[in-house]
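S.K.: Sharing a structure, written as structure tokens. Questions coming.
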Amino acid sequence: ENDINISADLTQNMDGQYKGYLGAQALAGSVTGSADAAIAGAVAILVSQAETRVTVGEGVQLISARFIDGKLIGGDIKILAMDKSKLAVRAGGYSISTKGAKIGMGASYAFIYGENTVKAEVLDNAVIHADSLSIQAVKAEVSLSDYELPYGLQTLITRSEGGANPPVSEQGIIHMSKNGTGSAASYEVQINLDTQRILDAVDLLNFLASVNYYAEAISGAVSGVSGTLSAAGSIAMVFFFNQVEASIGENVVIVLAKNMELIADSKGNARVIAGSLSASRSNIGAGLTIGFLYDEDSVKAQVGDHTEITATEGKYTQRSSSDMNALVITAAAAVTASVAGSAMGGNFSAIVLKNEAISNVIKESDDDDDDK
């Protein structure tokens with residue numbers, strides 16, 4: 001008999017150049033001279049409700065091995081559901097007043113909501129014969145090792161010689177040119193900035209987002225001349241509720257020659273960064289930052305009532321594990337140069353983790369209550 005492999009694999013923002021990009025990015029800027037107000041605001045939101053599921057249906061028979069001369073000989077069976085996703089957003093709002101607007105405000109809001117389901121399940125009354133059996137439901141970790149720069153270095157730096165300069169559209173953000181040779185050589189450095197190049201430069205920070213969940217909100221309000229109010233506020237929030245389950249139903253018969261594993265595993269990294277800066281000569285300067293992360297994952301490995309598992313020459317392993325590394329960084333600052341002015345800065349950060357990892361082998365008791 002041959003091996004049997006059944007799998008479902010989900011990735012989000014983890015293919016090709018998307019390894020170096022965010023899921024959503026919103027940047028807003030306001031620059032004014034002496035207008036009444038300079039206001040900029042940005043909002044970035046990402047929601048994921050993905051499902052990754054492998055199901056062996058009720059009463060199904062998976063036979064990859066048969067008894068020959070009293071020994072079970074044949075292939076292996078692997079059942080795998082895997083989710084490896086990167087949910088990352090950035091929001092930035094910046095206002096600059098060069099001659100002193102009465103009001104300067106910068107605000108940003110970054111929000112992520114994740115509710116992904118990962119299941120590998122064998123339903124009731126199924127029959128499985130194999131050399132070995134692996135049933136796994138995995139929510140995989142995203143780390144810095146998964147990051148790739150989304151563009152080549154020529155986007156950042158280009159070089160030319162002998163006056164043969166390429167068109168500006170083909171030059172990098174920094175273009176260096178050499179004219180002449182020997183002692184008569186001269187060098188020139190040109191800075192090319194437009195909207196796309198600025199965004200490319202910002203993307204250099206995306207290595208920070210090579211985690212499962214990343215929310216960044218940065219805001220600023222800067223004014224060089226006296227005004228009434230200069231305020232900056234940032235809010236970054238992440239909520240995720242993942243369900244990872246590897247399960248075998250009731251009345252299932254499994255006969256193996258060697259090993260079996262039933263594993264539910266969730267591992268990830270989450271990072272929240274929020275910062276605000278108000279710098280001016282206004283009467284009132286204020287900076288406020290909020291960073292919040294809430295994680296409520298359920299990871300379960302379970303075998304149902306009246307299920308029989310026989311591994312004639314192997315071992316049985318059942319495990320559920322949940323491993324989440326969470327980091328929240330917040331900073332807020334307000335500075336005013338006004339003699340009669342007031343400056344206020346405040347930040348709030350919180351992490352709430354309500355994860356559970358459960359591994360059950362259930363047998364129905366005589367009084368119809370479950371003993372776990």
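By convention here, the chains of the structure tokens are called A, B, ... in the order presented, each chain's residues are numbered starting at 1, and ligands are numbered starting at 1 in the order presented.
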Report the residues of range 66-250 of chain A whose backbone DSSP state falls under alpha helix (DSSP H), written as a list in words.
M.R.: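 Assigned to alpha helix (DSSP H), within range 66-250 of chain A: Thr195, Gln196, Arg197, Ile198, Leu199, Asp200, Ala201 and Val202 of chain A.
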S.K.: So which residues of range 115-325 of chain A fall under strand (DSSP E) by DSSP, listed as a PyMOL selection string?
M.R.: chain A and resi 117-122+127-130+133-139+157-161+174-179+186-191+213-223+229-240+243-248+253-256+260-280+284-295+298-303+308-311+316-325
S.K.: Env of range 124-128 of chain A: 6 Å cut, atoms = only C-alpha atoms, seq-sep filter 3 positions within chain, self excluded. Answer as a PDB file with all heavy atoms, in the first residue's frame.
M.R.:
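Full text of out08.pdb as output:
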ATOM      1  N   GLU A  58     -17.293  11.021   8.517  1.00  0.00           N
ATOM      2  CA  GLU A  58     -17.874   9.980   9.361  1.00  0.00           C
ATOM      3  C   GLU A  58     -17.959   8.655   8.599  1.00  0.00           C
ATOM      4  O   GLU A  58     -18.461   8.595   7.468  1.00  0.00           O
ATOM      5  CB  GLU A  58     -19.264  10.417   9.826  1.00  0.00           C
ATOM      6  CG  GLU A  58     -19.905   9.465  10.809  1.00  0.00           C
ATOM      7  CD  GLU A  58     -21.192  10.011  11.410  1.00  0.00           C
ATOM      8  OE1 GLU A  58     -21.488  11.208  11.178  1.00  0.00           O
ATOM      9  OE2 GLU A  58     -21.895   9.239  12.098  1.00  0.00           O
ATOM     10  N   GLY A  59     -17.447   7.612   9.219  1.00  0.00           N
ATOM     11  CA  GLY A  59     -17.512   6.290   8.635  1.00  0.00           C
ATOM     12  C   GLY A  59     -16.519   6.016   7.522  1.00  0.00           C
ATOM     13  O   GLY A  59     -16.527   4.928   6.928  1.00  0.00           O
ATOM     14  N   VAL A  60     -15.633   6.949   7.229  1.00  0.00           N
ATOM     15  CA  VAL A  60     -14.659   6.776   6.152  1.00  0.00           C
ATOM     16  C   VAL A  60     -13.584   5.764   6.555  1.00  0.00           C
ATOM     17  O   VAL A  60     -13.161   5.721   7.714  1.00  0.00           O
ATOM     18  CB  VAL A  60     -14.016   8.136   5.790  1.00  0.00           C
ATOM     19  CG1 VAL A  60     -12.816   7.943   4.882  1.00  0.00           C
ATOM     20  CG2 VAL A  60     -15.047   9.040   5.127  1.00  0.00           C
ATOM     21  N   GLN A  61     -13.142   4.973   5.595  1.00  0.00           N
ATOM     22  CA  GLN A  61     -12.050   4.033   5.825  1.00  0.00           C
ATOM     23  C   GLN A  61     -10.810   4.486   5.065  1.00  0.00           C
ATOM     24  O   GLN A  61     -10.854   4.670   3.842  1.00  0.00           O
ATOM     25  CB  GLN A  61     -12.450   2.626   5.369  1.00  0.00           C
ATOM     26  CG  GLN A  61     -13.588   2.025   6.172  1.00  0.00           C
ATOM     27  CD  GLN A  61     -13.856   0.576   5.803  1.00  0.00           C
ATOM     28  OE1 GLN A  61     -13.132  -0.025   5.004  1.00  0.00           O
ATOM     29  NE2 GLN A  61     -14.891  -0.001   6.387  1.00  0.00           N
ATOM     30  N   LEU A  62      -9.715   4.681   5.798  1.00  0.00           N
ATOM     31  CA  LEU A  62      -8.415   5.003   5.202  1.00  0.00           C
ATOM     32  C   LEU A  62      -7.504   3.801   5.429  1.00  0.00           C
ATOM     33  O   LEU A  62      -7.070   3.535   6.559  1.00  0.00           O
ATOM     34  CB  LEU A  62      -7.813   6.260   5.838  1.00  0.00           C
ATOM     35  CG  LEU A  62      -8.499   7.603   5.554  1.00  0.00           C
ATOM     36  CD1 LEU A  62      -7.754   8.721   6.264  1.00  0.00           C
ATOM     37  CD2 LEU A  62      -8.564   7.878   4.059  1.00  0.00           C
ATOM     38  N   ILE A  63      -7.200   3.095   4.373  1.00  0.00           N
ATOM     39  CA  ILE A  63      -6.412   1.870   4.478  1.00  0.00           C
ATOM     40  C   ILE A  63      -5.147   2.039   3.653  1.00  0.00           C
ATOM     41  O   ILE A  63      -5.183   2.078   2.420  1.00  0.00           O
ATOM     42  CB  ILE A  63      -7.203   0.639   3.973  1.00  0.00           C
ATOM     43  CG1 ILE A  63      -8.574   0.567   4.645  1.00  0.00           C
ATOM     44  CG2 ILE A  63      -6.387  -0.622   4.198  1.00  0.00           C
ATOM     45  CD1 ILE A  63      -8.536   0.379   6.135  1.00  0.00           C
ATOM     46  N   GLY A 249     -12.908  11.526  16.575  1.00  0.00           N
ATOM     47  CA  GLY A 249     -14.265  11.412  17.088  1.00  0.00           C
ATOM     48  C   GLY A 249     -14.510  10.138  17.884  1.00  0.00           C
ATOM     49  O   GLY A 249     -13.582   9.467  18.348  1.00  0.00           O
ATOM     50  N   GLU A 250     -15.779   9.762  18.005  1.00  0.00           N
ATOM     51  CA  GLU A 250     -16.188   8.601  18.776  1.00  0.00           C
ATOM     52  C   GLU A 250     -16.214   7.341  17.904  1.00  0.00           C
ATOM     53  O   GLU A 250     -16.440   7.400  16.692  1.00  0.00           O
ATOM     54  CB  GLU A 250     -17.566   8.839  19.382  1.00  0.00           C
ATOM     55  CG  GLU A 250     -17.630  10.032  20.325  1.00  0.00           C
ATOM     56  CD  GLU A 250     -19.011  10.240  20.906  1.00  0.00           C
ATOM     57  OE1 GLU A 250     -19.937   9.481  20.515  1.00  0.00           O
ATOM     58  OE2 GLU A 250     -19.175  11.146  21.736  1.00  0.00           O
ATOM     59  N   ASN A 251     -15.954   6.219  18.568  1.00  0.00           N
ATOM     60  CA  ASN A 251     -16.058   4.902  17.930  1.00  0.00           C
ATOM     61  C   ASN A 251     -15.148   4.765  16.705  1.00  0.00           C
ATOM     62  O   ASN A 251     -15.509   4.098  15.724  1.00  0.00           O
ATOM     63  CB  ASN A 251     -17.510   4.610  17.529  1.00  0.00           C
ATOM     64  CG  ASN A 251     -18.443   4.628  18.725  1.00  0.00           C
ATOM     65  OD1 ASN A 251     -18.253   3.895  19.689  1.00  0.00           O
ATOM     66  ND2 ASN A 251     -19.435   5.503  18.675  1.00  0.00           N
ATOM     67  N   VAL A 252     -14.011   5.392  16.750  1.00  0.00           N
ATOM     68  CA  VAL A 252     -13.030   5.295  15.673  1.00  0.00           C
ATOM     69  C   VAL A 252     -12.084   4.128  15.977  1.00  0.00           C
ATOM     70  O   VAL A 252     -11.677   3.935  17.131  1.00  0.00           O
ATOM     71  CB  VAL A 252     -12.241   6.609  15.521  1.00  0.00           C
ATOM     72  CG1 VAL A 252     -11.148   6.461  14.477  1.00  0.00           C
ATOM     73  CG2 VAL A 252     -13.184   7.742  15.151  1.00  0.00           C
ATOM     74  N   VAL A 253     -11.737   3.359  14.933  1.00  0.00           N
ATOM     75  CA  VAL A 253     -10.810   2.240  15.096  1.00  0.00           C
ATOM     76  C   VAL A 253      -9.537   2.546  14.302  1.00  0.00           C
ATOM     77  O   VAL A 253      -9.591   2.749  13.086  1.00  0.00           O
ATOM     78  CB  VAL A 253     -11.432   0.923  14.600  1.00  0.00           C
ATOM     79  CG1 VAL A 253     -10.413  -0.218  14.701  1.00  0.00           C
ATOM     80  CG2 VAL A 253     -12.680   0.583  15.413  1.00  0.00           C
ATOM     81  N   ILE A 254      -8.415   2.580  15.023  1.00  0.00           N
ATOM     82  CA  ILE A 254      -7.128   2.877  14.404  1.00  0.00           C
ATOM     83  C   ILE A 254      -6.168   1.743  14.735  1.00  0.00           C
ATOM     84  O   ILE A 254      -5.938   1.440  15.914  1.00  0.00           O
ATOM     85  CB  ILE A 254      -6.558   4.214  14.913  1.00  0.00           C
ATOM     86  CG1 ILE A 254      -7.507   5.369  14.568  1.00  0.00           C
ATOM     87  CG2 ILE A 254      -5.177   4.481  14.324  1.00  0.00           C
ATOM     88  CD1 ILE A 254      -7.102   6.706  15.157  1.00  0.00           C
TER      89      ILE A 254
END
S.K.: Per residue of range 90-118 of chain A within 9 Å of range 12-30 of chain A, note the shortest atom pair and the distance in Å to one decimal, counting only C-alpha atoms, and order the rows by chain and increasing residue number, as CSV.
M.R.:
residue,atom,partner,partner_atom,distance
A:Arg90,CA,A:Gln25,CA,4.7
A:Ala91,CA,A:Ala26,CA,4.8
A:Gly92,CA,A:Leu27,CA,4.7
A:Gly93,CA,A:Ala28,CA,4.8
A:Tyr94,CA,A:Gly29,CA,4.8
A:Ser95,CA,A:Ser30,CA,4.6
A:Ile96,CA,A:Ser30,CA,6.1
A:Ser97,CA,A:Ser30,CA,8.2
A:Gly106,CA,A:Gly29,CA,8.2
A:Ser108,CA,A:Leu27,CA,8.6
A:Ala110,CA,A:Ala26,CA,8.9
S.K.: Take the selection from the previous step and output its residues with all heavy atoms, as a CSV table (one decimal), in the first residue's frame.
M.R.:
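selection.csv was written with the following content:
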chain,number,residue,atom,x,y,z
A,90,ARG,N,0.1,49.6,9.4
A,90,ARG,CA,0.7,50.8,9.9
A,90,ARG,C,-0.1,52.0,9.6
A,90,ARG,O,-0.7,52.1,8.5
A,90,ARG,CB,2.1,51.0,9.2
A,90,ARG,CG,2.8,52.3,9.5
A,90,ARG,CD,4.1,52.5,8.7
A,90,ARG,NE,5.1,51.5,9.2
A,90,ARG,CZ,5.8,50.7,8.4
A,90,ARG,NH1,5.6,50.7,7.1
A,90,ARG,NH2,6.7,49.9,9.0
A,91,ALA,N,-0.2,52.9,10.5
A,91,ALA,CA,-1.0,54.2,10.3
A,91,ALA,C,-0.1,55.3,10.9
A,91,ALA,O,0.5,55.2,11.9
A,91,ALA,CB,-2.3,54.2,11.1
A,92,GLY,N,0.0,56.4,10.1
A,92,GLY,CA,0.8,57.6,10.5
A,92,GLY,C,0.1,58.8,10.0
A,92,GLY,O,-0.3,59.0,8.9
A,93,GLY,N,0.0,59.8,11.0
A,93,GLY,CA,-0.6,61.1,10.7
A,93,GLY,C,0.3,62.2,11.2
A,93,GLY,O,0.6,62.2,12.4
A,94,TYR,N,0.7,63.1,10.3
A,94,TYR,CA,1.7,64.1,10.7
A,94,TYR,C,1.3,65.4,10.1
A,94,TYR,O,1.0,65.6,9.0
A,94,TYR,CB,3.1,63.7,10.1
A,94,TYR,CG,3.4,62.3,10.2
A,94,TYR,CD1,3.1,61.4,9.1
A,94,TYR,CD2,4.0,61.7,11.3
A,94,TYR,CE1,3.4,60.0,9.2
A,94,TYR,CE2,4.3,60.4,11.4
A,94,TYR,CZ,4.0,59.5,10.4
A,94,TYR,OH,4.3,58.2,10.5
A,95,SER,N,1.3,66.4,11.0
A,95,SER,CA,1.0,67.8,10.6
A,95,SER,C,2.2,68.7,10.9
A,95,SER,O,2.8,68.6,12.0
A,95,SER,CB,-0.3,68.3,11.3
A,95,SER,OG,-0.1,68.6,12.7
A,96,ILE,N,2.5,69.6,10.0
A,96,ILE,CA,3.6,70.5,10.1
A,96,ILE,C,3.1,71.9,9.7
A,96,ILE,O,2.6,72.1,8.6
A,96,ILE,CB,4.8,70.1,9.2
A,96,ILE,CG1,5.3,68.7,9.6
A,96,ILE,CG2,5.9,71.1,9.4
A,96,ILE,CD1,6.4,68.2,8.7
A,97,SER,N,3.4,72.9,10.6
A,97,SER,CA,3.0,74.3,10.3
A,97,SER,C,4.3,75.1,10.3
A,97,SER,O,5.0,75.1,11.4
A,97,SER,CB,2.0,74.8,11.4
A,97,SER,OG,1.8,76.2,11.2
A,106,GLY,N,-2.2,65.8,14.7
A,106,GLY,CA,-1.9,64.6,14.0
A,106,GLY,C,-2.4,63.4,14.7
A,106,GLY,O,-2.3,63.3,15.9
A,108,SER,N,-3.5,59.0,14.4
A,108,SER,CA,-3.4,57.7,13.7
A,108,SER,C,-4.1,56.6,14.5
A,108,SER,O,-4.1,56.6,15.8
A,108,SER,CB,-1.9,57.4,13.4
A,108,SER,OG,-1.2,57.2,14.6
A,110,ALA,N,-4.4,52.3,14.3
A,110,ALA,CA,-4.1,51.0,13.6
A,110,ALA,C,-4.9,49.9,14.4
A,110,ALA,O,-4.8,49.8,15.6
A,110,ALA,CB,-2.6,50.7,13.6
S.K.: What's the 12 Å shell around Val272 in chain A, counting only C-alpha atoms, without same-chain residues fewer than 6 positions away, as a VMD selection string?
M.R.: chain A and resid 87 to 91 109 to 112 208 to 209 211 to 218 234 to 239 289 to 294 325 to 331 349 to 351
S.K.: So the first atom is CA of Asp265 in chain A and the second is CA of Ala311 in chain A; what is the distance between them in Å, to one decimal place?
M.R.: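 These atoms are spaced 22.8 Å apart.
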S.K.: Between CA of Gly345 in chain A and CA of Lys99 in chain A, measure the distance and give it in Å to one decimal.
M.R.: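 So the answer is 23.9 Å.
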S.K.: Go through A:Asn2, A:Ser266, A:Gln136, A:Ser223 and flag the residue nearest Thr32 in chain A, using only C-alpha atoms for the distances.
M.R.: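 Smallest separation from Thr32 in chain A among the options: A:Ser223.
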S.K.: I'd like the interatomic distance between CA of Ile73 in chain A and CA of Leu262 in chain A, to a tenth of an Å.
M.R.: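 Distance between the two atoms: 21.4 Å.
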S.K.: A:Ser177, A:Ser64, A:Thr98, A:Ser134: which is nearest Val31 in chain A, counting only C-alpha atoms?
M.R.: A:Thr98
S.K.: Determine, counting only C-alpha atoms, which protein, DNA and RNA residues have an atom within 12 Å of an atom of range 281-283 of chain A; residues of the same chain fewer than 4 positions away are not included. Present the result as an mmCIF file with N, CA and C atoms, in the first residue's frame.
M.R.:
data_model
loop_
_atom_site.group_PDB
_atom_site.id
_atom_site.type_symbol
_atom_site.label_atom_id
_atom_site.label_comp_id
_atom_site.auth_asym_id
_atom_site.auth_seq_id
_atom_site.Cartn_x
_atom_site.Cartn_y
_atom_site.Cartn_z
ATOM 1 N N SER A 97 3.357 72.857 10.603
ATOM 2 C CA SER A 97 3.023 74.257 10.332
ATOM 3 C C SER A 97 4.310 75.068 10.343
ATOM 4 N N THR A 98 4.631 75.655 9.193
ATOM 5 C CA THR A 98 5.910 76.359 9.077
ATOM 6 C C THR A 98 5.857 77.786 9.613
ATOM 7 N N LYS A 99 4.652 78.388 9.584
ATOM 8 C CA LYS A 99 4.537 79.770 10.039
ATOM 9 C C LYS A 99 3.597 79.938 11.220
ATOM 10 N N GLY A 100 3.067 78.829 11.683
ATOM 11 C CA GLY A 100 2.281 78.917 12.897
ATOM 12 C C GLY A 100 0.787 78.917 12.693
ATOM 13 N N ALA A 101 0.202 77.736 12.419
ATOM 14 C CA ALA A 101 -1.249 77.610 12.386
ATOM 15 C C ALA A 101 -1.778 77.670 13.818
ATOM 16 N N LYS A 102 -3.023 78.134 13.942
ATOM 17 C CA LYS A 102 -3.601 78.220 15.275
ATOM 18 C C LYS A 102 -3.761 76.841 15.899
ATOM 19 N N ILE A 103 -4.108 75.878 15.057
ATOM 20 C CA ILE A 103 -4.321 74.518 15.554
ATOM 21 C C ILE A 103 -3.524 73.537 14.683
ATOM 22 N N GLY A 104 -2.750 72.680 15.326
ATOM 23 C CA GLY A 104 -2.025 71.615 14.635
ATOM 24 C C GLY A 104 -2.360 70.279 15.266
ATOM 25 N N MET A 105 -2.812 69.324 14.449
ATOM 26 C CA MET A 105 -3.215 68.033 14.996
ATOM 27 C C MET A 105 -2.742 66.904 14.081
ATOM 28 N N ALA A 221 2.631 66.370 15.573
ATOM 29 C CA ALA A 221 2.173 67.728 15.279
ATOM 30 C C ALA A 221 3.316 68.669 15.632
ATOM 31 N N VAL A 222 3.843 69.348 14.604
ATOM 32 C CA VAL A 222 5.014 70.204 14.796
ATOM 33 C C VAL A 222 4.704 71.589 14.251
ATOM 34 N N SER A 223 5.028 72.604 15.054
ATOM 35 C CA SER A 223 4.823 73.987 14.630
ATOM 36 C C SER A 223 5.965 74.839 15.159
ATOM 37 N N GLY A 224 6.495 75.706 14.281
ATOM 38 C CA GLY A 224 7.641 76.514 14.684
ATOM 39 C C GLY A 224 7.275 77.875 15.240
ATOM 40 N N VAL A 225 5.995 78.251 15.132
ATOM 41 C CA VAL A 225 5.551 79.575 15.582
ATOM 42 C C VAL A 225 4.383 79.385 16.543
ATOM 43 N N SER A 226 4.121 80.377 17.356
ATOM 44 C CA SER A 226 3.100 80.281 18.388
ATOM 45 C C SER A 226 1.723 80.008 17.791
ATOM 46 N N GLY A 227 0.922 79.217 18.521
ATOM 47 C CA GLY A 227 -0.438 78.904 18.118
ATOM 48 C C GLY A 227 -1.272 78.631 19.350
ATOM 49 N N THR A 228 -2.481 78.113 19.112
ATOM 50 C CA THR A 228 -3.388 77.847 20.222
ATOM 51 C C THR A 228 -3.233 76.431 20.760
ATOM 52 N N LEU A 229 -3.243 75.438 19.852
ATOM 53 C CA LEU A 229 -3.218 74.040 20.270
ATOM 54 C C LEU A 229 -2.356 73.220 19.314
ATOM 55 N N SER A 230 -1.531 72.365 19.879
ATOM 56 C CA SER A 230 -0.770 71.389 19.113
ATOM 57 C C SER A 230 -0.970 70.033 19.782
ATOM 58 N N ALA A 231 -1.613 69.089 19.076
ATOM 59 C CA ALA A 231 -1.964 67.809 19.690
ATOM 60 C C ALA A 231 -1.644 66.654 18.752
ATOM 61 N N ALA A 334 5.138 65.659 24.694
ATOM 62 C CA ALA A 334 4.613 66.970 24.329
ATOM 63 C C ALA A 334 5.583 68.029 24.820
ATOM 64 N N VAL A 335 6.000 68.917 23.898
ATOM 65 C CA VAL A 335 6.951 69.979 24.222
ATOM 66 C C VAL A 335 6.412 71.287 23.679
ATOM 67 N N THR A 336 6.399 72.319 24.510
ATOM 68 C CA THR A 336 6.012 73.642 24.051
ATOM 69 C C THR A 336 7.040 74.659 24.524
ATOM 70 N N ALA A 337 7.371 75.590 23.647
ATOM 71 C CA ALA A 337 8.344 76.630 23.971
ATOM 72 C C ALA A 337 7.670 77.913 24.428
ATOM 73 N N SER A 338 6.360 77.878 24.530
ATOM 74 C CA SER A 338 5.624 79.053 24.972
ATOM 75 C C SER A 338 5.827 79.269 26.471
ATOM 76 N N VAL A 339 6.144 80.509 26.846
ATOM 77 C CA VAL A 339 6.383 80.813 28.259
ATOM 78 C C VAL A 339 5.144 80.536 29.093
ATOM 79 N N ALA A 340 3.991 80.855 28.554
ATOM 80 C CA ALA A 340 2.747 80.676 29.293
ATOM 81 C C ALA A 340 2.024 79.403 28.898
ATOM 82 N N GLY A 341 2.675 78.533 28.155
ATOM 83 C CA GLY A 341 2.016 77.337 27.645
ATOM 84 C C GLY A 341 2.071 76.172 28.607
ATOM 85 N N SER A 342 1.262 75.141 28.281
ATOM 86 C CA SER A 342 1.225 73.908 29.055
ATOM 87 C C SER A 342 1.433 72.732 28.117
ATOM 88 N N ALA A 343 2.167 71.731 28.575
ATOM 89 C CA ALA A 343 2.428 70.534 27.779
ATOM 90 C C ALA A 343 2.038 69.303 28.581
ATOM 91 N N MET A 344 1.320 68.391 27.933
ATOM 92 C CA MET A 344 0.856 67.177 28.597
ATOM 93 C C MET A 344 1.132 65.978 27.699
#
